[in-house]
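Here is the structure we will look at.
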Amino acid sequence: MIYRETGQYKTSYESDQQLFPILQDKAFILIVLAFVFGAVPFLASEYLFRAILIPFLILALAAIGLNILVGFCGQVSLGTGGFMAVGAYAAYNLAIRLPDLNLLVVFLLAGAAATVVGVLFGLPSLRIKGFYLAVATLAAQFFLDWAFARIGWFTNYAPSGSVTAPAIRIFGYTFASPVEKYLLVLAIVCIFALVARNLTRGAIGRSWMAMRDMDVAAEVIGIRPLYAKVTAFAVSSFFVGLAGALWAFVYLGAWEPLAFDVNRSFQLLFMVIIGGLGSILGSFLGAAFIVILPLMLNQMPGWLGMELSTALISHIEVMVFGTLIIFFLIVEPHGLARLWAIGKEKLRLWPFPH
Amino acid sequence: MKTSIKLKVAATAMAVAGALGLAQEVSAADEIFVPVLVYRTGAYAPNGVPWADGFVDYLKLVNERDGGVNGIKLAFEECETGYATDRGVECYERLKSKKPVAVNPLSTGITFALTEKVAADKITLMTTGYGRSESADGSVFAWNFPLLGTYWSAADMLVQHVAKKGSLKGKKIALVYHDSPYGKEPIKVLEEHAKKHGFTFIKLPVTHPGVEQKATWLQIRQQRPDYVFLWGWGVMNSTSIKEAIAVSYPRLQMFGVWWSSAEPDVLPAEAAAKGYNGITLGHSNERAAPVHKDMVKHLYSKGKGTAAKKEQVGDVLYNRGMLSALLLVESIRSAQGKYGKRVVTGEEVRWGAENLNIDAGRIKALGIEGMMQPLKTSCRDHEGVRKGRVHTWDGTTWSYTSDWYEADSKFLRPLVEAQAKAYAAEKKITPRDCSKEK
């Protein structure tokens with residue numbers, strides 16, 4: 001009843017091609033944006049910012065990047081952690097070697113560095129497909145891990161291989177408090193989520209999806225596989241690299257290559273699969289599921305006043321988390337985003353489903 | 001329905017926020033809060049568990065036996081990090097709301113991540129026997145306390161020990177290390193020593209978690225180094241020792257750092273590990289000190305102990321956890337000496353840790369005679385003491401097999417200062433003038 005588009009006439013192509021053609025959707029998004037920008041900074045505690053919201057947002061950005069590659073273009077990648085590391089170390093080297101460079105530029109250049117590496121490792125995707133490509137990107141992951149652990153120049157010859165990011169200073173303003181960092185990350189993530197959404201709606205996104213659905217047919221109708229696949233790798237790596245730079249600078253502050261190991265790649269792939277392949281919203285839902293749920297499970301016994309041993313809580317956390325992953329994949333193999341879409345479809349008919 | 005979803009989300013968010021808020025109130029104002037970052041699960045649990053048991057037991061003992069520190073009870077809460085840096089940072093943020101005075105994360109990786117955070121949050125970062133080696137220079141690292149010894153001290157003492165067996169010129173020393181900030185710490189000092197003594201230094205990294213070391217030990221079989229130094233943690237240690245047995249590398253020529261020479265490392269190989277050595281952090285598996293008797297009397301006989309069995313009281317890592325907690329408690333006591341016998345703040349505890357003076361008499365009074373050497377910290381030196389002996393596994397227990405070594409300050413101090421200076425330059429920190437600190 002509330003969610004119904006009756007009476008919303010679209011009289012021009014522009015109005016039909018809007019990002020959110022339904023008025024209620026638009027209102028909902030605006031309310032959410034107003035809430036996260038306007039209300040959350042006043043409501044949330046420091047713990048929520050530092051330990052939950054900031055990592056959630058950054059990993060959501062990385063998941064969007066991976067979703068472009070896996071969900072929209074159908075190229076399975078296990079090298080996401082490595083590309084995040086490229087972004088992180090590129091940003092680190094730029095920031096310490098060119099201290100006067102604006103940090104926003106540093107982040108964008110870090111994304112660009114990841115793009116170059118991503119394209120390099122994406123080129124074989126023209127010849128190898130499916131599981132074989134997954135293995136090839138896994139090689140990228142291990143190579144990049146190795147490079148950042150072994151080549152001293154990348155870490156500025158830090159004796160222990162651990163590097164620390166400089167303070168986040170943009171246009172003379174230092175982002176020090178968790179609220180400021182949250183707003184910075186939130187703004188970047190919102191902008192790039194919008195970019196990703198529009199890219200996937202446009203011609204380039206359609207060519208990716210055509211490649212995903214059937215590459216031979218796509219080639220027949222005039223889509224160049226080289227262009228489509230390489231752009232998907234490039235755009236995806238840019239997002240992932242940017243997320244890596246943010247992860248290192250804003251969230252961790254100090255890191256070693258282990259922060260971007262193969263487990264990070266798997267974590268991001270799980271986010272994309274659970275959240276929903278080929279959906280920007282799904283990237284956010286998946287990131288929320290993977291980042292926030294384990295922490296909530298870990299603290300649940302404490303909230304309920306149960307005195308359990310630390311080891312037992314950790315074991316329960318892993319078991320319940322695993323069960324929930326299986327549960328959601330059985331209930332809706334297309335991910336949480338699909339659940340959301342089904343909910344919307346039902347809501348359109350409600351309360352008169354027939 | 002849309003609004004109801006939103007309401008539900010909002011309600012959940014509020015419930016979460018409320019729960020977090022409640023958690024803050026639990027910590028009473030008349031207690032000193034100590035966060036306990038531990039790992040009781042995962043690949044590092046065999047070593048993490050005894051340390052955590054010792055740490056928690058000592059805090060409990062102070063509450064039970066003495067009624068707190070000068071009458072102020074200690075509150076604590078465990079948080080599982082799994083030795084993962086991001087989870088460790090999350091734990092730190094989670095427990096930060098309870099106004100902790102000092103944190104001891106038992107992970108060099110987490111130490112690196114927290115070094116800047118603790119300075120901003122005014123929480124003392126105690127890293128007993130681990131952490132960043134250059135943080136021994138307190139003028140730059142005001143909040144870090146690598147008490148009892150750093151990895152550089154450990155590497156230096158190990159080189160002293162093997163140099164005593166005969167000139168190192170032309171010999172080969174291999175370092176089998178955990179490929180993380182922890183394992184990489186000693187490399188710099190060993191490289192310097194290689195130049196000084198003229199030995200060949202071979203670096204052999206082992207990737208986390210360290211259960212796959214066939215390739216590493218194949219290299220050892222090929223290169224036949226005269227000595228192998230082991231810088232491992234968790235299951236990596238026992239795997240290394242088993243691999244050494246498999247390629248029949250003599251255990252007598254193997255030396256572990258103090259994190260690689262405890263019961264969980266040698267027990268899987270039992271008698272075959274016989275002859276394996278390790279440098280100690282001033283203590284081994286002492287079991288009959290007065291403090292252990294107190295543990296049994298006040299905790300284990302009442303069923304309040306943390307360890308699964310009271311036989312575990314006095315294991316190497318149990319003792320290390322206990323001494324880590326003891327130094328934290330002594331820092332609180334030292335702070336109370338200056339600021340009054342009340343609930344002290346993190347800043348005051350930092351002063352306390354910087355002005356520790358635990359002499360032989362105090363060591364005896366604490367009931368840990370023979371487990372710690374006199375320790376004195378200052379603004380310049382946050383390490384306090386850098387002495388150790390070598391202990392050797394005889395198949396059933398550890399026993400000391402060398403005299404005391406003291407890390408060579410003349411050799412190490414310039415390295416520490418150079419590294420700290422580089423850090424200060426990178427972070428634009430102005431080092432404190434230690435002559436003006438009181």
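Here, A, B, ... name the chains of the structure tokens in the order displayed, residue numbers run from 1 inside each chain, and ligands are numbered from 1 in the same displayed order.
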
* Asked: Which neighbours of segment 70-78 of chain A fall inside 8 Å, counting only C-alpha atoms, when residues of the same chain fewer than 2 positions from it are skipped, and could you give them as a ChimeraX atom specification?
  -> /A:66-68,80-81,125,129-131,133-135,137-138,141,200,205,208-213,229,232,262,265-266,269,272,276-279

Set out as CSV a contact list for chain B and chain A with a cut-off of 7 Å, giving each residue of chain B that qualifies its closest atom pair and distance in Å to one decimal, counting only C-alpha atoms, ordered by chain and rising residue number.
```
residue,atom,partner,partner_atom,distance
B:Ala19,CA,A:Trp303,CA,6.0
B:Arg40,CA,A:Ala311,CA,5.2
B:Thr41,CA,A:Ala311,CA,5.9
B:Glu78,CA,A:Thr310,CA,6.6
B:Cys79,CA,A:Thr310,CA,6.7
B:Glu80,CA,A:Thr310,CA,6.3
B:Glu90,CA,A:Ala51,CA,5.2
B:Glu93,CA,A:Tyr47,CA,5.6
B:Arg94,CA,A:Tyr47,CA,5.9
B:Phe112,CA,A:Ala254,CA,6.1
B:Ala113,CA,A:Ala254,CA,4.7
B:Pro181,CA,A:Ser160,CA,4.5
B:Lys184,CA,A:Ser160,CA,4.8
B:Glu185,CA,A:Ser160,CA,5.0
B:Lys188,CA,A:Pro159,CA,6.3
B:Lys427,CA,A:Pro166,CA,6.7
```

Expected file: the selected residues, C-alpha atoms, as a tab-separated table (two decimals), in the first residue's frame:
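Wrote out.tsv, looks like this:
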```tsv
chain	number	residue	atom	x	y	z
B	19	ALA	CA	24.31	-3.16	25.58
B	40	ARG	CA	42.79	-19.54	23.61
B	41	THR	CA	41.83	-20.84	20.16
B	78	GLU	CA	39.41	-11.40	28.62
B	79	CYS	CA	39.08	-10.84	24.91
B	80	GLU	CA	40.03	-13.40	22.30
B	90	GLU	CA	38.89	-4.64	17.87
B	93	GLU	CA	38.65	-0.74	21.18
B	94	ARG	CA	36.01	-2.89	22.86
B	112	PHE	CA	52.72	-2.31	16.13
B	113	ALA	CA	49.08	-1.52	15.46
B	181	PRO	CA	56.94	-8.54	12.51
B	184	LYS	CA	61.65	-10.38	11.52
B	185	GLU	CA	62.63	-8.37	14.60
B	188	LYS	CA	68.76	-6.53	11.98
B	427	LYS	CA	56.09	10.39	12.87
```

* To do: Do a neighbour search on Thr127 of chain B at 7 Å with only C-alpha atoms, toss out local chain neighbours closer than 6 positions, and write the hits as an MDAnalysis selection string.
  => chainID B and resid 104 106 145:147

Output N, CA and C atoms for every residue in the selection just made, as a short mmCIF file (atom, residue, chain, number, x, y, z; two decimals), in the first residue's frame.
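again16.cif, written as the output of this step:
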```
data_model
loop_
_atom_site.label_atom_id
_atom_site.label_comp_id
_atom_site.auth_asym_id
_atom_site.auth_seq_id
_atom_site.Cartn_x
_atom_site.Cartn_y
_atom_site.Cartn_z
N ASN B 104 48.46 -5.52 27.58
CA ASN B 104 49.57 -6.41 27.25
C ASN B 104 49.07 -7.41 26.21
N LEU B 106 50.28 -9.49 23.95
CA LEU B 106 50.97 -10.73 23.61
C LEU B 106 50.99 -10.99 22.11
N PHE B 145 56.52 -0.35 26.79
CA PHE B 145 57.46 -0.88 27.78
C PHE B 145 57.81 -2.33 27.45
N PRO B 146 58.88 -2.55 26.66
CA PRO B 146 59.30 -3.93 26.39
C PRO B 146 60.11 -4.46 27.56
N LEU B 147 59.47 -4.63 28.69
CA LEU B 147 60.18 -4.97 29.93
C LEU B 147 60.83 -6.35 29.85
#
```

* Surrounding residues of Ile170 of chain A excluding itself and chain neighbours under 5 positions, 8 Å, only C-alpha atoms, as a PyMOL selection string -> chain A and resi 102-104+175

Written selection (N, CA and C atoms) as a compact mmCIF listing (two decimals), in the first residue's frame:
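And here's part_5.txt as it stands now:
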```txt
# COMPACT_ATOMS: atom_id res chain seq x y z
N ASN A 102 48.46 15.82 -1.54
CA ASN A 102 47.16 15.72 -0.86
C ASN A 102 46.78 14.25 -0.70
N LEU A 103 46.32 13.90 0.49
CA LEU A 103 46.08 12.49 0.77
C LEU A 103 44.95 11.91 -0.08
N LEU A 104 44.00 12.77 -0.47
CA LEU A 104 42.94 12.27 -1.35
C LEU A 104 43.53 11.85 -2.69
N PHE A 175 42.27 14.46 10.13
CA PHE A 175 41.17 13.57 10.52
C PHE A 175 41.69 12.66 11.62
```

Env of segment 118-125 of chain B: 8 Å cut, atoms = only C-alpha atoms, seq-sep filter 4 positions within chain, self excluded. Answer as a compact mmCIF listing (two decimals) with N, CA, C and O atoms, in the first residue's frame.
```txt
# COMPACT_ATOMS: atom_id res chain seq x y z
N PRO B 100 40.90 1.29 30.78
CA PRO B 100 42.02 0.45 31.21
C PRO B 100 43.26 1.30 31.48
O PRO B 100 43.39 2.39 30.94
N VAL B 101 44.13 0.79 32.37
CA VAL B 101 45.35 1.53 32.66
C VAL B 101 46.50 1.04 31.81
O VAL B 101 47.40 1.79 31.47
N ALA B 102 46.50 -0.26 31.48
CA ALA B 102 47.62 -0.81 30.72
C ALA B 102 47.13 -2.02 29.96
O ALA B 102 46.21 -2.71 30.40
N VAL B 103 47.75 -2.27 28.82
CA VAL B 103 47.35 -3.41 28.01
C VAL B 103 48.59 -4.19 27.62
O VAL B 103 49.66 -3.62 27.42
N ASN B 104 48.46 -5.52 27.58
CA ASN B 104 49.57 -6.41 27.25
C ASN B 104 49.07 -7.41 26.21
O ASN B 104 48.52 -8.44 26.54
N THR B 111 51.04 -5.10 18.79
CA THR B 111 51.81 -4.03 19.40
C THR B 111 52.09 -2.91 18.39
O THR B 111 51.93 -1.73 18.69
N LEU B 114 48.99 -0.96 17.84
CA LEU B 114 48.49 -0.18 18.97
C LEU B 114 49.43 0.96 19.37
O LEU B 114 49.02 1.86 20.09
N ALA B 142 57.22 6.77 24.53
CA ALA B 142 56.89 7.05 25.93
C ALA B 142 55.94 6.01 26.50
O ALA B 142 55.97 5.73 27.69
N TRP B 143 55.09 5.41 25.67
CA TRP B 143 54.02 4.56 26.20
C TRP B 143 54.33 3.07 26.06
O TRP B 143 53.57 2.24 26.53
N ASN B 144 55.41 2.70 25.38
CA ASN B 144 55.75 1.29 25.19
C ASN B 144 56.75 0.84 26.25
O ASN B 144 57.73 1.54 26.51
N PHE B 145 56.52 -0.35 26.79
CA PHE B 145 57.46 -0.88 27.78
C PHE B 145 57.81 -2.33 27.45
O PHE B 145 57.14 -3.25 27.88
N GLY B 346 45.71 5.73 33.40
CA GLY B 346 46.71 5.18 32.50
C GLY B 346 47.97 6.02 32.47
O GLY B 346 49.08 5.52 32.40
N GLU B 347 47.79 7.33 32.53
CA GLU B 347 48.93 8.24 32.50
C GLU B 347 49.81 8.04 33.73
O GLU B 347 51.03 8.05 33.65
N VAL B 349 49.97 5.31 35.55
CA VAL B 349 50.61 4.00 35.46
C VAL B 349 51.81 4.06 34.52
O VAL B 349 52.82 3.39 34.73
N ARG B 350 51.72 4.88 33.49
CA ARG B 350 52.87 5.05 32.61
C ARG B 350 54.06 5.59 33.40
O ARG B 350 55.17 5.10 33.28
```

Need the shell around Glu383 of chain B: protein/DNA/RNA residues with any atom at most 12 Å away, counting only C-alpha atoms. Skip same-chain ones fewer than 6 positions apart. Format as a compact mmCIF listing (two decimals) with C-alpha atoms, in the first residue's frame?
```
# COMPACT_ATOMS: atom_id res chain seq x y z
CA MET B 126 53.40 -3.35 28.21
CA THR B 127 55.16 -5.88 26.04
CA THR B 128 57.10 -8.15 28.37
CA GLY B 129 59.73 -9.89 26.32
CA TYR B 130 58.29 -8.97 22.93
CA GLY B 131 57.16 -5.95 20.90
CA ARG B 132 59.22 -3.42 19.03
CA SER B 133 62.86 -3.59 20.02
CA GLU B 134 63.51 0.10 19.43
CA SER B 135 60.74 0.97 21.90
CA ALA B 136 63.32 0.34 24.64
CA ASP B 137 64.16 3.99 23.99
CA GLY B 138 61.55 5.63 26.18
CA PHE B 141 58.32 5.55 22.75
CA ALA B 142 56.89 7.05 25.93
CA ASN B 144 55.75 1.29 25.19
CA PHE B 145 57.46 -0.88 27.78
CA PRO B 146 59.30 -3.93 26.39
CA LEU B 147 60.18 -4.97 29.93
CA LEU B 148 62.62 -7.78 30.78
CA GLY B 149 64.14 -7.93 27.31
CA THR B 150 63.62 -7.23 23.63
CA TYR B 151 64.21 -9.48 20.65
CA TRP B 152 67.41 -7.63 19.94
CA SER B 153 68.66 -8.45 23.44
CA LEU B 281 63.69 -14.36 29.76
CA LEU B 327 55.10 -6.11 36.33
CA ALA B 353 56.17 1.77 34.72
CA GLU B 354 58.88 4.26 33.86
CA ASN B 355 60.01 4.46 37.47
CA LEU B 356 60.00 0.80 38.41
CA ASN B 357 62.73 -0.24 40.75
CA PRO B 374 66.65 -6.77 39.50
CA LEU B 375 64.87 -4.39 37.18
CA LYS B 376 65.09 -0.64 37.01
CA THR B 377 63.42 1.44 34.35
CA ALA B 407 72.87 -8.19 26.29
CA SER B 409 74.24 -2.37 25.64
CA ARG B 413 71.99 0.92 22.27
CA VAL B 416 67.99 1.15 19.30
```

* **In segment 176-379 of chain B, DSSP helix (DSSP H, G or I) residues written as a ChimeraX atom specification** => /B:181-184,187-197,214-223,235-246,251-253,263-266,270-273,290-302,310-312,316-339,346-354,360-365

* Which residue of A:Arg224, A:Phe35, A:Val235, A:Gln17 approaches Val117 of chain A most closely, using only C-alpha atoms -> A:Val235

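One distance worth recording is that between atom CA of Ser139 of chain B and atom CA of Cys379 of chain B, which is 6.0 Å.
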
* Contacts of Phe107 of chain A at 10 Å or less, counting only C-alpha atoms, minus same-chain residues fewer than 5 places along, as a VMD selection string? -> chain A and resid 87 to 88 90 to 92 94 to 95 102 112 to 113 241 to 246 249

* **DSSP strand (DSSP E or B) residues within segment 162-393 of chain B, as a PyMOL selection string** => chain B and resi 172-178+200-206+227-231+254-256+277-279+357-358+375-376+381+387-388+390-393

* Asked: To one decimal place, how far is atom CA of Thr11 of chain A from atom CA of Lys26 of chain A in Å?
  -> 17.8 Å

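When only C-alpha atoms are used to compute distances to Ala308 of chain B, the closest of the residues B:Met372, B:Val49, B:Ile110, B:Ala43 turns out to be B:Val49.
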